[in-house]
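This is data-v4.cif (mmCIF, C-alpha atoms).
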```
data_target
#
loop_
_atom_site.label_atom_id
_atom_site.label_comp_id
_atom_site.auth_asym_id
_atom_site.auth_seq_id
_atom_site.Cartn_x
_atom_site.Cartn_y
_atom_site.Cartn_z
CA MET A 1 -19.08 24.95 48.70
CA LYS A 2 -21.24 25.72 45.69
CA HIS A 3 -18.74 28.34 44.48
CA SER A 4 -15.85 25.86 44.86
CA TYR A 5 -17.74 23.28 42.82
CA LEU A 6 -18.48 25.82 40.07
CA LEU A 7 -14.84 26.93 40.03
CA ILE A 8 -13.62 23.34 39.69
CA LEU A 9 -16.20 22.70 36.95
CA SER A 10 -15.15 25.86 35.10
CA LEU A 11 -11.48 24.94 35.31
CA SER A 12 -12.23 21.41 34.10
CA LEU A 13 -14.18 22.72 31.11
CA ALA A 14 -11.43 25.21 30.32
CA ILE A 15 -8.77 22.50 30.43
CA ALA A 16 -10.90 20.23 28.23
CA PHE A 17 -11.52 23.04 25.75
CA SER A 18 -7.81 23.88 25.68
CA ALA A 19 -6.89 20.22 25.08
CA ASN A 20 -9.41 19.96 22.23
CA ALA A 21 -8.16 23.18 20.68
CA GLN A 22 -4.59 21.94 20.89
CA THR A 23 -5.58 18.68 19.23
CA LYS A 24 -7.25 20.59 16.41
CA ASP A 25 -4.10 22.64 15.92
CA GLU A 26 -1.97 19.49 15.93
CA ILE A 27 -4.26 17.81 13.42
CA ALA A 28 -4.17 20.83 11.13
CA GLN A 29 -0.37 21.04 11.36
CA PHE A 30 0.03 17.30 10.72
CA ARG A 31 -2.24 17.49 7.67
CA SER A 32 -0.44 20.56 6.35
CA GLU A 33 2.97 18.91 6.63
CA VAL A 34 1.99 15.79 4.69
CA GLU A 35 0.20 17.80 1.99
CA THR A 36 3.23 20.05 1.56
CA ASP A 37 5.43 16.98 1.04
CA LEU A 38 2.95 15.46 -1.40
CA THR A 39 2.46 18.48 -3.66
CA GLY A 40 5.87 20.08 -3.15
CA ASN A 41 8.14 17.04 -3.17
CA ILE A 42 6.80 13.59 -4.12
CA LEU A 43 4.65 14.45 -7.14
CA PRO A 44 7.12 17.00 -8.63
CA PHE A 45 10.01 14.53 -8.21
CA TRP A 46 8.23 11.84 -10.20
CA MET A 47 7.11 14.22 -12.92
CA GLU A 48 10.48 15.93 -13.31
CA LYS A 49 13.01 13.18 -12.60
CA VAL A 50 11.31 9.92 -13.63
CA THR A 51 9.36 10.79 -16.80
CA ASP A 52 11.17 9.29 -19.79
CA PRO A 53 10.92 11.51 -22.90
CA ALA A 54 11.18 8.34 -25.00
CA GLY A 55 8.00 6.95 -23.42
CA GLY A 56 6.67 5.99 -20.03
CA PHE A 57 8.98 6.35 -17.05
CA TYR A 58 12.61 5.49 -16.43
CA GLY A 59 13.04 2.07 -14.88
CA THR A 60 15.72 3.27 -12.46
CA VAL A 61 16.51 6.64 -10.90
CA VAL A 62 19.32 6.69 -8.32
CA ASN A 63 19.46 8.67 -5.12
CA ASP A 64 20.87 11.87 -6.60
CA GLY A 65 17.96 12.01 -9.06
CA SER A 66 19.91 10.77 -12.09
CA ALA A 67 18.09 8.41 -14.42
CA VAL A 68 19.49 5.15 -15.83
CA PRO A 69 18.03 5.40 -19.36
CA GLN A 70 18.63 1.75 -20.38
CA ALA A 71 17.20 0.20 -17.22
CA PRO A 72 14.23 -2.17 -17.72
CA LYS A 73 10.81 -0.81 -16.80
CA SER A 74 8.53 -2.71 -14.43
CA ALA A 75 4.76 -3.08 -14.50
CA VAL A 76 4.51 -2.52 -10.74
CA MET A 77 6.35 0.79 -10.77
CA ASN A 78 4.38 2.05 -13.79
CA ALA A 79 1.08 1.04 -12.15
CA ARG A 80 2.06 2.86 -8.97
CA VAL A 81 2.74 6.03 -10.94
CA LEU A 82 -0.64 5.57 -12.62
CA TRP A 83 -2.42 5.15 -9.29
CA ALA A 84 -0.72 8.11 -7.58
CA PHE A 85 -1.28 10.65 -10.34
CA SER A 86 -4.84 9.50 -10.96
CA VAL A 87 -5.66 10.14 -7.29
CA ALA A 88 -3.75 13.44 -7.44
CA PHE A 89 -5.81 14.59 -10.42
CA ARG A 90 -9.05 13.55 -8.73
CA GLN A 91 -7.99 15.39 -5.57
CA TYR A 92 -6.64 18.60 -7.08
CA GLY A 93 -7.79 18.76 -10.72
CA ARG A 94 -4.38 19.90 -12.01
CA GLU A 95 -3.73 19.25 -15.68
CA ASP A 96 -0.08 18.28 -15.17
CA TYR A 97 -1.25 15.51 -12.85
CA ARG A 98 -3.74 14.35 -15.47
CA ARG A 99 -1.10 14.35 -18.22
CA THR A 100 1.16 12.17 -16.07
CA ALA A 101 -1.71 9.81 -15.21
CA ASP A 102 -2.76 9.57 -18.88
CA ARG A 103 0.84 8.90 -19.88
CA ALA A 104 1.08 6.08 -17.32
CA ALA A 105 -2.24 4.55 -18.41
CA ASP A 106 -1.30 4.63 -22.08
CA TYR A 107 2.12 3.09 -21.48
CA TYR A 108 0.73 0.40 -19.18
CA VAL A 109 -1.98 -0.70 -21.62
CA ASN A 110 0.31 -0.67 -24.65
CA HIS A 111 3.43 -2.25 -23.15
CA PHE A 112 2.65 -4.23 -19.99
CA ILE A 113 -0.62 -5.93 -20.86
CA ASP A 114 0.19 -9.15 -22.72
CA LYS A 115 -1.78 -9.06 -25.97
CA GLU A 116 -1.09 -12.73 -26.70
CA TYR A 117 -1.77 -14.43 -23.36
CA GLY A 118 -3.51 -11.75 -21.32
CA GLY A 119 -2.53 -10.45 -17.92
CA THR A 120 0.47 -8.32 -17.09
CA VAL A 121 4.10 -9.06 -17.90
CA TRP A 122 6.62 -8.27 -15.19
CA SER A 123 8.96 -5.98 -17.13
CA VAL A 124 9.84 -4.51 -20.50
CA SER A 125 13.07 -3.15 -21.93
CA ALA A 126 13.86 0.55 -21.98
CA GLU A 127 12.40 0.56 -25.50
CA GLY A 128 9.15 -1.08 -24.33
CA ASP A 129 9.61 -4.68 -25.55
CA ILE A 130 8.79 -7.61 -23.26
CA LYS A 131 11.84 -8.50 -21.15
CA ASP A 132 10.39 -10.69 -18.39
CA GLY A 133 7.05 -12.25 -19.33
CA THR A 134 6.49 -13.82 -15.91
CA LYS A 135 2.93 -13.42 -14.68
CA GLN A 136 2.81 -12.30 -11.07
CA SER A 137 -0.68 -11.89 -9.62
CA TYR A 138 0.76 -8.98 -7.62
CA ALA A 139 1.61 -7.10 -10.82
CA SER A 140 -1.78 -7.73 -12.43
CA ALA A 141 -3.46 -6.55 -9.21
CA PHE A 142 -1.58 -3.27 -9.32
CA GLY A 143 -2.62 -2.86 -12.94
CA ILE A 144 -6.27 -3.23 -11.96
CA TYR A 145 -5.70 -0.84 -9.06
CA GLY A 146 -4.15 1.90 -11.18
CA LEU A 147 -6.47 1.54 -14.18
CA ALA A 148 -9.63 1.55 -12.05
CA GLU A 149 -8.40 4.67 -10.26
CA HIS A 150 -7.64 6.28 -13.63
CA PHE A 151 -11.22 5.68 -14.76
CA ARG A 152 -12.47 7.00 -11.42
CA ALA A 153 -10.45 10.19 -11.92
CA THR A 154 -10.83 10.79 -15.66
CA GLY A 155 -13.74 8.68 -16.92
CA SER A 156 -11.47 6.82 -19.36
CA LEU A 157 -13.48 3.83 -20.59
CA ALA A 158 -10.31 2.36 -22.10
CA SER A 159 -8.82 2.14 -18.59
CA LEU A 160 -11.99 0.69 -17.08
CA ASN A 161 -12.27 -1.96 -19.80
CA ALA A 162 -8.59 -2.86 -19.40
CA ALA A 163 -9.06 -3.19 -15.61
CA ILE A 164 -12.12 -5.44 -16.05
CA LYS A 165 -10.25 -7.60 -18.56
CA LEU A 166 -7.32 -7.98 -16.15
CA PHE A 167 -9.77 -8.93 -13.39
CA ARG A 168 -11.33 -11.64 -15.55
CA THR A 169 -7.93 -12.96 -16.59
CA LEU A 170 -6.79 -13.12 -12.96
CA GLU A 171 -9.99 -14.92 -12.03
CA GLU A 172 -9.51 -17.43 -14.84
CA HIS A 173 -5.88 -18.30 -14.15
CA SER A 174 -4.94 -17.27 -10.60
CA HIS A 175 -8.02 -17.65 -8.39
CA ASP A 176 -8.16 -20.87 -6.35
CA SER A 177 -11.75 -22.08 -6.55
CA VAL A 178 -11.09 -24.76 -3.93
CA ALA A 179 -9.16 -23.14 -1.06
CA GLY A 180 -9.75 -19.52 -2.05
CA GLY A 181 -7.32 -16.68 -2.68
CA TYR A 182 -4.81 -16.17 -5.45
CA PHE A 183 -1.73 -18.06 -6.54
CA GLU A 184 1.53 -16.18 -6.91
CA THR A 185 3.49 -16.89 -10.04
CA PHE A 186 3.01 -18.29 -13.56
CA LYS A 187 4.97 -18.49 -16.76
CA ARG A 188 4.02 -16.09 -19.50
CA ASP A 189 1.46 -18.56 -20.91
CA TRP A 190 -0.08 -19.04 -17.41
CA THR A 191 1.37 -22.50 -16.87
CA LYS A 192 2.85 -23.21 -13.43
CA PRO A 193 6.62 -22.73 -13.10
CA GLU A 194 8.92 -25.51 -11.97
CA PRO A 195 10.32 -25.09 -8.43
CA ARG A 196 13.66 -23.31 -8.57
CA PHE A 197 15.18 -25.19 -5.65
CA PRO A 198 13.47 -28.59 -5.45
CA SER A 199 15.81 -29.83 -2.74
CA ARG A 200 15.22 -26.89 -0.39
CA ARG A 201 12.19 -25.74 1.56
CA PRO A 202 8.87 -25.53 -0.30
CA VAL A 203 8.28 -22.38 -2.33
CA ALA A 204 5.27 -20.32 -1.26
CA THR A 205 2.42 -20.54 -3.75
CA LYS A 206 0.26 -18.02 -1.87
CA THR A 207 1.47 -14.98 0.06
CA MET A 208 -0.15 -12.49 2.33
CA ASN A 209 1.37 -9.61 0.33
CA THR A 210 -0.34 -10.64 -2.91
CA GLN A 211 -3.71 -11.14 -1.18
CA ILE A 212 -3.41 -7.62 0.32
CA ASN A 213 -2.88 -6.02 -3.05
CA VAL A 214 -5.54 -8.04 -4.85
CA LEU A 215 -7.96 -6.86 -2.15
CA LYS A 216 -6.93 -3.21 -2.64
CA ALA A 217 -7.32 -3.52 -6.40
CA TYR A 218 -10.69 -5.22 -6.21
CA CYS A 219 -12.05 -2.66 -3.73
CA THR A 220 -11.09 0.19 -6.06
CA LEU A 221 -12.57 -1.57 -9.09
CA TYR A 222 -15.75 -2.29 -7.12
CA GLN A 223 -16.24 1.43 -6.51
CA VAL A 224 -16.61 2.01 -10.25
CA TRP A 225 -17.90 -1.40 -11.36
CA PRO A 226 -20.06 -3.05 -8.65
CA ASP A 227 -20.02 -6.53 -10.16
CA LYS A 228 -21.54 -9.42 -8.19
CA VAL A 229 -18.58 -11.80 -8.65
CA LEU A 230 -16.15 -9.02 -7.76
CA ARG A 231 -18.00 -8.42 -4.48
CA GLU A 232 -17.94 -12.16 -3.73
CA ARG A 233 -14.17 -12.19 -4.17
CA ILE A 234 -13.75 -9.19 -1.86
CA VAL A 235 -15.81 -10.94 0.82
CA GLU A 236 -13.76 -14.12 0.29
CA LEU A 237 -10.47 -12.25 0.75
CA VAL A 238 -11.70 -10.58 3.93
CA ASP A 239 -12.60 -14.01 5.30
CA ILE A 240 -9.13 -15.31 4.39
CA PHE A 241 -7.55 -12.46 6.38
CA ARG A 242 -9.83 -13.19 9.32
CA THR A 243 -9.28 -16.94 9.36
CA LYS A 244 -6.69 -18.63 7.13
CA LEU A 245 -4.00 -15.93 7.26
CA TYR A 246 -4.48 -14.81 10.85
CA ASP A 247 -2.59 -16.14 13.85
CA LYS A 248 -5.05 -15.02 16.52
CA GLU A 249 -2.83 -16.01 19.43
CA GLY A 250 0.20 -14.20 18.07
CA ARG A 251 -1.90 -11.31 16.69
CA HIS A 252 -0.12 -11.26 13.37
CA LEU A 253 -0.61 -12.48 9.80
CA LEU A 254 0.98 -15.48 8.16
CA VAL A 255 3.29 -14.45 5.33
CA ASN A 256 4.24 -17.34 3.04
CA CYS A 257 1.88 -20.30 2.56
CA ASP A 258 1.28 -23.36 0.44
CA ASP A 259 -1.87 -24.03 -1.60
CA ASN A 260 -3.89 -24.82 1.53
CA TRP A 261 -2.75 -21.85 3.63
CA ASN A 262 -0.25 -23.81 5.72
CA SER A 263 2.47 -21.42 6.86
CA LEU A 264 5.93 -22.28 5.51
CA GLU A 265 7.97 -20.13 7.91
CA GLU A 266 7.52 -17.96 10.97
CA ILE A 267 7.71 -14.30 9.96
CA HIS A 268 6.21 -11.21 11.56
CA TYR A 269 5.90 -8.53 8.89
CA TYR A 270 5.01 -5.50 10.99
CA GLY A 271 4.31 -3.08 8.14
CA HIS A 272 2.02 -5.52 6.34
CA ASP A 273 0.16 -6.38 9.53
CA ILE A 274 -0.70 -2.76 10.25
CA GLU A 275 -1.44 -2.12 6.56
CA THR A 276 -3.92 -5.00 6.52
CA ALA A 277 -5.56 -3.67 9.68
CA TRP A 278 -6.59 -0.37 8.16
CA LEU A 279 -7.38 -2.01 4.81
CA LEU A 280 -9.89 -4.32 6.54
CA SER A 281 -11.54 -1.26 8.10
CA GLU A 282 -11.87 0.47 4.73
CA THR A 283 -13.15 -2.71 3.05
CA ALA A 284 -15.90 -3.17 5.65
CA GLU A 285 -16.88 0.46 5.11
CA LEU A 286 -16.98 -0.03 1.33
CA LEU A 287 -19.16 -3.11 1.63
CA GLY A 288 -21.52 -1.27 3.97
CA ASP A 289 -21.59 -4.28 6.27
CA GLU A 290 -22.18 -3.19 9.89
CA GLU A 291 -21.83 -6.74 11.20
CA LEU A 292 -18.45 -7.06 9.46
CA LYS A 293 -17.32 -3.71 10.89
CA GLN A 294 -18.03 -4.92 14.41
CA GLY A 295 -16.59 -8.38 13.69
CA ILE A 296 -13.21 -7.10 12.52
CA ARG A 297 -12.84 -4.29 15.05
CA GLN A 298 -10.90 -6.32 17.61
CA GLN A 299 -8.65 -7.88 14.97
CA VAL A 300 -7.87 -4.45 13.54
CA ILE A 301 -6.84 -3.13 16.96
CA ASP A 302 -4.95 -6.32 17.86
CA LEU A 303 -2.94 -6.24 14.62
CA THR A 304 -2.12 -2.58 15.17
CA ASP A 305 -1.22 -2.99 18.83
CA GLU A 306 1.02 -6.00 18.21
CA ALA A 307 2.87 -4.26 15.36
CA MET A 308 3.40 -1.22 17.59
CA ALA A 309 4.52 -3.30 20.57
CA SER A 310 6.93 -5.54 18.67
CA GLY A 311 8.03 -3.47 15.69
CA LEU A 312 8.38 0.13 16.86
CA THR A 313 11.66 1.51 18.18
CA PRO A 314 11.68 4.12 20.98
CA GLU A 315 11.87 6.77 18.22
CA CYS A 316 8.65 5.29 16.72
CA ALA A 317 10.44 3.97 13.64
CA MET A 318 8.75 0.83 12.35
CA GLN A 319 11.10 -2.07 11.68
CA ASP A 320 10.46 -4.29 8.69
CA GLU A 321 10.15 -7.86 9.83
CA LYS A 322 11.15 -10.47 12.37
CA THR A 323 12.21 -13.96 11.29
CA SER A 324 13.98 -16.85 13.02
CA ARG A 325 17.19 -14.88 12.39
CA GLY A 326 15.92 -11.83 14.25
CA ILE A 327 14.76 -8.38 13.16
CA ARG A 328 16.08 -7.10 9.85
CA GLU A 329 18.70 -4.39 10.32
CA ARG A 330 17.12 -1.60 8.29
CA TYR A 331 14.12 0.69 7.96
CA SER A 332 11.99 0.89 4.81
CA TRP A 333 9.94 3.85 3.60
CA TRP A 334 6.77 1.81 3.16
CA SER A 335 6.71 0.43 6.72
CA GLN A 336 6.72 3.96 8.14
CA CYS A 337 3.91 5.02 5.82
CA GLU A 338 1.64 2.08 6.64
CA THR A 339 2.27 2.59 10.36
CA ILE A 340 1.17 6.21 10.13
CA VAL A 341 -2.10 5.34 8.39
CA GLY A 342 -2.72 2.31 10.62
CA CYS A 343 -2.30 4.35 13.79
CA ILE A 344 -4.56 7.13 12.55
CA ASN A 345 -7.15 4.48 11.69
CA ALA A 346 -6.91 2.99 15.20
CA TRP A 347 -7.19 6.49 16.72
CA GLN A 348 -10.34 7.17 14.70
CA ILE A 349 -11.86 3.84 15.77
CA THR A 350 -11.02 4.05 19.48
CA GLY A 351 -10.45 7.74 20.23
CA ASP A 352 -7.28 6.72 22.10
CA ARG A 353 -4.78 9.55 21.85
CA LYS A 354 -1.77 7.17 21.96
CA TYR A 355 -2.40 6.15 18.35
CA PHE A 356 -2.42 9.73 17.10
CA ASP A 357 0.77 10.48 18.99
CA THR A 358 2.48 7.39 17.55
CA ALA A 359 1.42 8.33 14.02
CA LYS A 360 2.84 11.82 14.48
CA LYS A 361 6.12 10.53 15.92
CA THR A 362 6.53 8.02 13.07
CA TRP A 363 5.84 10.84 10.60
CA ASP A 364 8.48 12.98 12.33
CA PHE A 365 10.97 10.11 12.00
CA ALA A 366 10.13 9.62 8.31
CA LYS A 367 10.27 13.35 7.63
CA ALA A 368 13.70 13.65 9.22
CA ASN A 369 15.25 10.55 7.66
CA PHE A 370 13.48 9.51 4.43
CA ILE A 371 12.63 12.80 2.74
CA ASP A 372 15.57 14.03 0.65
CA SER A 373 15.48 17.82 0.94
CA GLU A 374 18.49 18.16 -1.37
CA ASN A 375 17.62 16.01 -4.39
CA GLY A 376 13.91 15.46 -3.86
CA GLY A 377 11.77 12.39 -3.36
CA TRP A 378 12.13 9.79 -0.61
CA PHE A 379 14.94 7.37 0.09
CA LYS A 380 13.76 3.79 -0.21
CA THR A 381 15.76 2.36 2.69
CA ILE A 382 17.91 3.68 5.51
CA THR A 383 20.33 1.83 7.77
CA LYS A 384 19.87 1.37 11.50
CA ASP A 385 21.98 4.49 12.07
CA CYS A 386 19.65 6.40 9.73
CA GLN A 387 21.95 6.70 6.73
CA PRO A 388 20.45 6.35 3.22
CA ALA A 389 21.16 2.95 1.71
CA PRO A 390 22.46 2.90 -1.89
CA GLU A 391 19.14 1.74 -3.33
CA PRO A 392 17.50 3.66 -6.18
CA LYS A 393 14.63 6.03 -5.47
CA ALA A 394 12.83 4.53 -8.45
CA ASN A 395 13.08 0.91 -9.48
CA GLU A 396 10.91 -2.13 -10.18
CA TRP A 397 9.35 -2.05 -6.70
CA HIS A 398 9.66 1.60 -5.74
CA GLY A 399 7.11 4.06 -7.12
CA PRO A 400 5.28 7.07 -5.68
CA TYR A 401 2.90 4.80 -3.84
CA HIS A 402 3.18 4.09 -0.13
CA ASN A 403 4.24 7.64 0.72
CA SER A 404 1.66 9.32 -1.52
CA HIS A 405 -0.97 6.83 -0.38
CA MET A 406 -0.28 7.68 3.24
CA GLU A 407 -0.49 11.38 2.50
CA PHE A 408 -3.72 11.13 0.49
CA GLU A 409 -5.22 9.13 3.35
CA LEU A 410 -4.21 11.67 5.98
CA ILE A 411 -5.32 14.66 3.90
CA ASN A 412 -8.80 13.14 3.75
CA ARG A 413 -8.92 11.55 7.21
CA LEU A 414 -7.71 14.69 9.03
CA LYS A 415 -10.03 17.24 7.46
#
```
Write-out of the structure in structure tokens:
Amino acid sequence: MKHSYLLILSLSLAIAFSANAQTKDEIAQFRSEVETDLTGNILPFWMEKVTDPAGGFYGTVVNDGSAVPQAPKSAVMNARVLWAFSVAFRQYGREDYRRTADRAADYYVNHFIDKEYGGTVWSVSAEGDIKDGTKQSYASAFGIYGLAEHFRATGSLASLNAAIKLFRTLEEHSHDSVAGGYFETFKRDWTKPEPRFPSRRPVATKTMNTQINVLKAYCTLYQVWPDKVLRERIVELVDIFRTKLYDKEGRHLLVNCDDNWNSLEEIHYYGHDIETAWLLSETAELLGDEELKQGIRQQVIDLTDEAMASGLTPECAMQDEKTSRGIRERYSWWSQCETIVGCINAWQITGDRKYFDTAKKTWDFAKANFIDSENGGWFKTITKDCQPAPEPKANEWHGPYHNSHMEFELINRLK
């Protein structure tokens, strides 16, 4: 009897050891695959195909890697290049990454920051002159995000000072001191725009997407400039995501709201829900608030579980969004990337293997369908039958961000 018990115990320990060893191998393989794509595909593509010899980066590069030299250049895309190559330099110390990051910082400060009214303009011409002076809080947030990361990587005081100035401008013009959060859109001189369609449904003045990216930007700035007001705003945004923007019953975030956080339409944005989940985890860690960590844990898991249950296909592809018209008939690169990070985050919180497996399957789907092994880079969008849509690989919204961000996260989380 004793020998039988010892045999069973030995077999159990052997099986457990084998399972752990297999998991370690899987983790190492997963990490290796994303790092190979980052350093061998994404970063080279943006250095080789998107750098504009005339200054900055081409505003549009189509799927075969050809640039459109006269396309306008957007602040968001430039800031995403700045962020990605700043992190790459901090991670790897390569001088070509630093040169690209420095180039992006210089172009952003000299062309996208409005010297007359402050803040960030939306776009400039191919020659670098203001084309669209609209002030979007989203664009200013990405400027703060990229410039703060550039200082973190290189010690550039010019970038830190520019990020702090953008923060103060955003606080002066965009922050709502009554209901909290940040308004969306202003004219170039920071006056409110007139509604485009007064006879139709109300236009959202606050969106979940902008609050997400202001929070990301402020967390990065806080790491290099731990200002008291900045911390207060981070705490305020976390509270907004826990209360005003969260539908607890439906386990998803509200998307488009009015000044007082009343939802204007029913949308489930799966990628943003799961992105916010892991962002809340990282923010609580940054703030060093144990009570907050415990307080958000269930929300983080609920957001992740609901996005997985409602948004994932059997192949573990994450769909974009569900509205009153149904689920959008396409897959986007960024939704896959945020799903991968969100599931790894949930796996690290709970230890539940299902999250790791989902992350790996979503990565396998993205690797097979979004990575362009012929012309480099990632496709922005694919159709439901997994064919690349005719959208540029680089444009006003598409930079080396969500995919590189996912890969930086996994390289560090899966050590």
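The set of residues that the PyMOL selection byres ((chain A and resi 330-344) around 6) takes from this file is Gly271, Ile274, Glu275, Trp278, Met318, Gln319, Arg328, Glu329, Asn345, Ala346, Trp347, Tyr355, Phe356, Ala359, Lys380, Thr381, Ile382, Thr383, Lys384, His402, Asn403 and Met406 of chain A.
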Could you write those residues out with C-alpha atoms, as a PDB file, in the frame of the given file?
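Final output, out_6.pdb:
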```pdb
ATOM      1  CA  GLY A 271       4.310  -3.080   8.140  1.00  0.00           C
ATOM      2  CA  ILE A 274      -0.700  -2.760  10.250  1.00  0.00           C
ATOM      3  CA  GLU A 275      -1.440  -2.120   6.560  1.00  0.00           C
ATOM      4  CA  TRP A 278      -6.590  -0.370   8.160  1.00  0.00           C
ATOM      5  CA  MET A 318       8.750   0.830  12.350  1.00  0.00           C
ATOM      6  CA  GLN A 319      11.100  -2.070  11.680  1.00  0.00           C
ATOM      7  CA  ARG A 328      16.080  -7.100   9.850  1.00  0.00           C
ATOM      8  CA  GLU A 329      18.700  -4.390  10.320  1.00  0.00           C
ATOM      9  CA  ASN A 345      -7.150   4.480  11.690  1.00  0.00           C
ATOM     10  CA  ALA A 346      -6.910   2.990  15.200  1.00  0.00           C
ATOM     11  CA  TRP A 347      -7.190   6.490  16.720  1.00  0.00           C
ATOM     12  CA  TYR A 355      -2.400   6.150  18.350  1.00  0.00           C
ATOM     13  CA  PHE A 356      -2.420   9.730  17.100  1.00  0.00           C
ATOM     14  CA  ALA A 359       1.420   8.330  14.020  1.00  0.00           C
ATOM     15  CA  LYS A 380      13.760   3.790  -0.210  1.00  0.00           C
ATOM     16  CA  THR A 381      15.760   2.360   2.690  1.00  0.00           C
ATOM     17  CA  ILE A 382      17.910   3.680   5.510  1.00  0.00           C
ATOM     18  CA  THR A 383      20.330   1.830   7.770  1.00  0.00           C
ATOM     19  CA  LYS A 384      19.870   1.370  11.500  1.00  0.00           C
ATOM     20  CA  HIS A 402       3.180   4.090  -0.130  1.00  0.00           C
ATOM     21  CA  ASN A 403       4.240   7.640   0.720  1.00  0.00           C
ATOM     22  CA  MET A 406      -0.280   7.680   3.240  1.00  0.00           C
TER      23      MET A 406
END
```
Please evaluate the PyMOL selection byres ((chain A and resi 83) around 8) against the structure above and give the resulting residues as a PyMOL selection string. chain A and resi 79-82+84-87+101+145-147+149-150+401
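Counting all atoms listed in the file and comparing A:Thr169, A:Thr100, A:Gln70, A:Ser281, the residue that lies closest to Gly118 (chain A) is A:Thr169.
With all atoms listed in the file as the basis for measurement, A:Ile267 is the residue among A:Arg413, A:Phe365, A:Asp25, A:Ile267 that approaches Ile327 (chain A) most closely.
CA of Ala284 (chain A) is found 12.8 Å from CA of Tyr222 (chain A).
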Run the PyMOL selection byres ((chain A and resi 35) around 12) on the file and write out the hits as a count of residues only. 30
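CA of Pro400 (chain A) is positioned 22.0 Å from CA of Glu127 (chain A).
The coordinates place CA of Val68 (chain A) at 12.8 Å from CA of Pro53 (chain A).
Using only C-alpha atoms, the shortest contact distance between Leu221 (chain A) and any of A:Leu253, A:Ala148, A:Val203, A:Leu166 is found at A:Ala148.
Taking all atoms listed in the file into account, Arg231 (chain A) lies nearest to A:Leu287 out of the set A:Ala162, A:Val178, A:Ala366, A:Leu287.
Counting only C-alpha atoms, Gly180 (chain A) has the following residues at most 9 Å away, ignoring those fewer than 3 positions along the same chain: His175, Asp176, Ser177, Arg233, Glu236, Leu237, Ile240 and Asn260 of chain A.
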Please enclose the listed atoms of region 337-349 of chain A in an axis-aligned box, pad each side by 4 Å, and write out the centre and the three edge lengths in Å, rounded to one decimal, as lines of an AutoDock Vina configuration file.
```
center_x = -4.0
center_y = 4.6
center_z = 11.3
size_x = 23.8
size_y = 13.1
size_z = 18.9
```
Name all residues at most 7 Å from Ala75 (chain A) (count all atoms listed in the file; drop same-chain ones fewer than 4 positions away) and give them as number ranges by chain. A: 79, 112, 121-123, 139
Closest to Gly326 (chain A) among A:Lys293, A:His268, A:Lys216, A:Lys354, using all atoms listed in the file? A:His268
Complete region 150-161 of chain A at the level of N, CA and C atoms, written as an mmCIF file, in the frame of the given file.
```
data_model
loop_
_atom_site.group_PDB
_atom_site.id
_atom_site.type_symbol
_atom_site.label_atom_id
_atom_site.label_comp_id
_atom_site.auth_asym_id
_atom_site.auth_seq_id
_atom_site.Cartn_x
_atom_site.Cartn_y
_atom_site.Cartn_z
ATOM 1 N N HIS A 150 -7.703 5.354 -12.500
ATOM 2 C CA HIS A 150 -7.640 6.280 -13.630
ATOM 3 C C HIS A 150 -9.030 6.537 -14.202
ATOM 4 N N PHE A 151 -9.835 5.476 -14.319
ATOM 5 C CA PHE A 151 -11.220 5.680 -14.760
ATOM 6 C C PHE A 151 -11.979 6.534 -13.749
ATOM 7 N N ARG A 152 -11.774 6.251 -12.476
ATOM 8 C CA ARG A 152 -12.470 7.000 -11.420
ATOM 9 C C ARG A 152 -12.140 8.490 -11.497
ATOM 10 N N ALA A 153 -10.892 8.792 -11.868
ATOM 11 C CA ALA A 153 -10.450 10.190 -11.920
ATOM 12 C C ALA A 153 -10.796 10.875 -13.230
ATOM 13 N N THR A 154 -10.728 10.141 -14.340
ATOM 14 C CA THR A 154 -10.830 10.790 -15.660
ATOM 15 C C THR A 154 -12.024 10.336 -16.482
ATOM 16 N N GLY A 155 -12.654 9.216 -16.111
ATOM 17 C CA GLY A 155 -13.740 8.680 -16.920
ATOM 18 C C GLY A 155 -13.282 7.929 -18.149
ATOM 19 N N SER A 156 -12.002 7.535 -18.200
ATOM 20 C CA SER A 156 -11.470 6.820 -19.360
ATOM 21 C C SER A 156 -12.045 5.405 -19.435
ATOM 22 N N LEU A 157 -12.897 5.161 -20.425
ATOM 23 C CA LEU A 157 -13.480 3.830 -20.590
ATOM 24 C C LEU A 157 -12.429 2.816 -21.000
ATOM 25 N N ALA A 158 -11.391 3.271 -21.711
ATOM 26 C CA ALA A 158 -10.310 2.360 -22.100
ATOM 27 C C ALA A 158 -9.644 1.778 -20.853
ATOM 28 N N SER A 159 -9.440 2.612 -19.834
ATOM 29 C CA SER A 159 -8.820 2.140 -18.590
ATOM 30 C C SER A 159 -9.761 1.212 -17.831
ATOM 31 N N LEU A 160 -11.042 1.559 -17.773
ATOM 32 C CA LEU A 160 -11.990 0.690 -17.080
ATOM 33 C C LEU A 160 -12.073 -0.674 -17.763
ATOM 34 N N ASN A 161 -12.173 -0.686 -19.077
ATOM 35 C CA ASN A 161 -12.270 -1.960 -19.800
ATOM 36 C C ASN A 161 -11.018 -2.797 -19.623
#
```
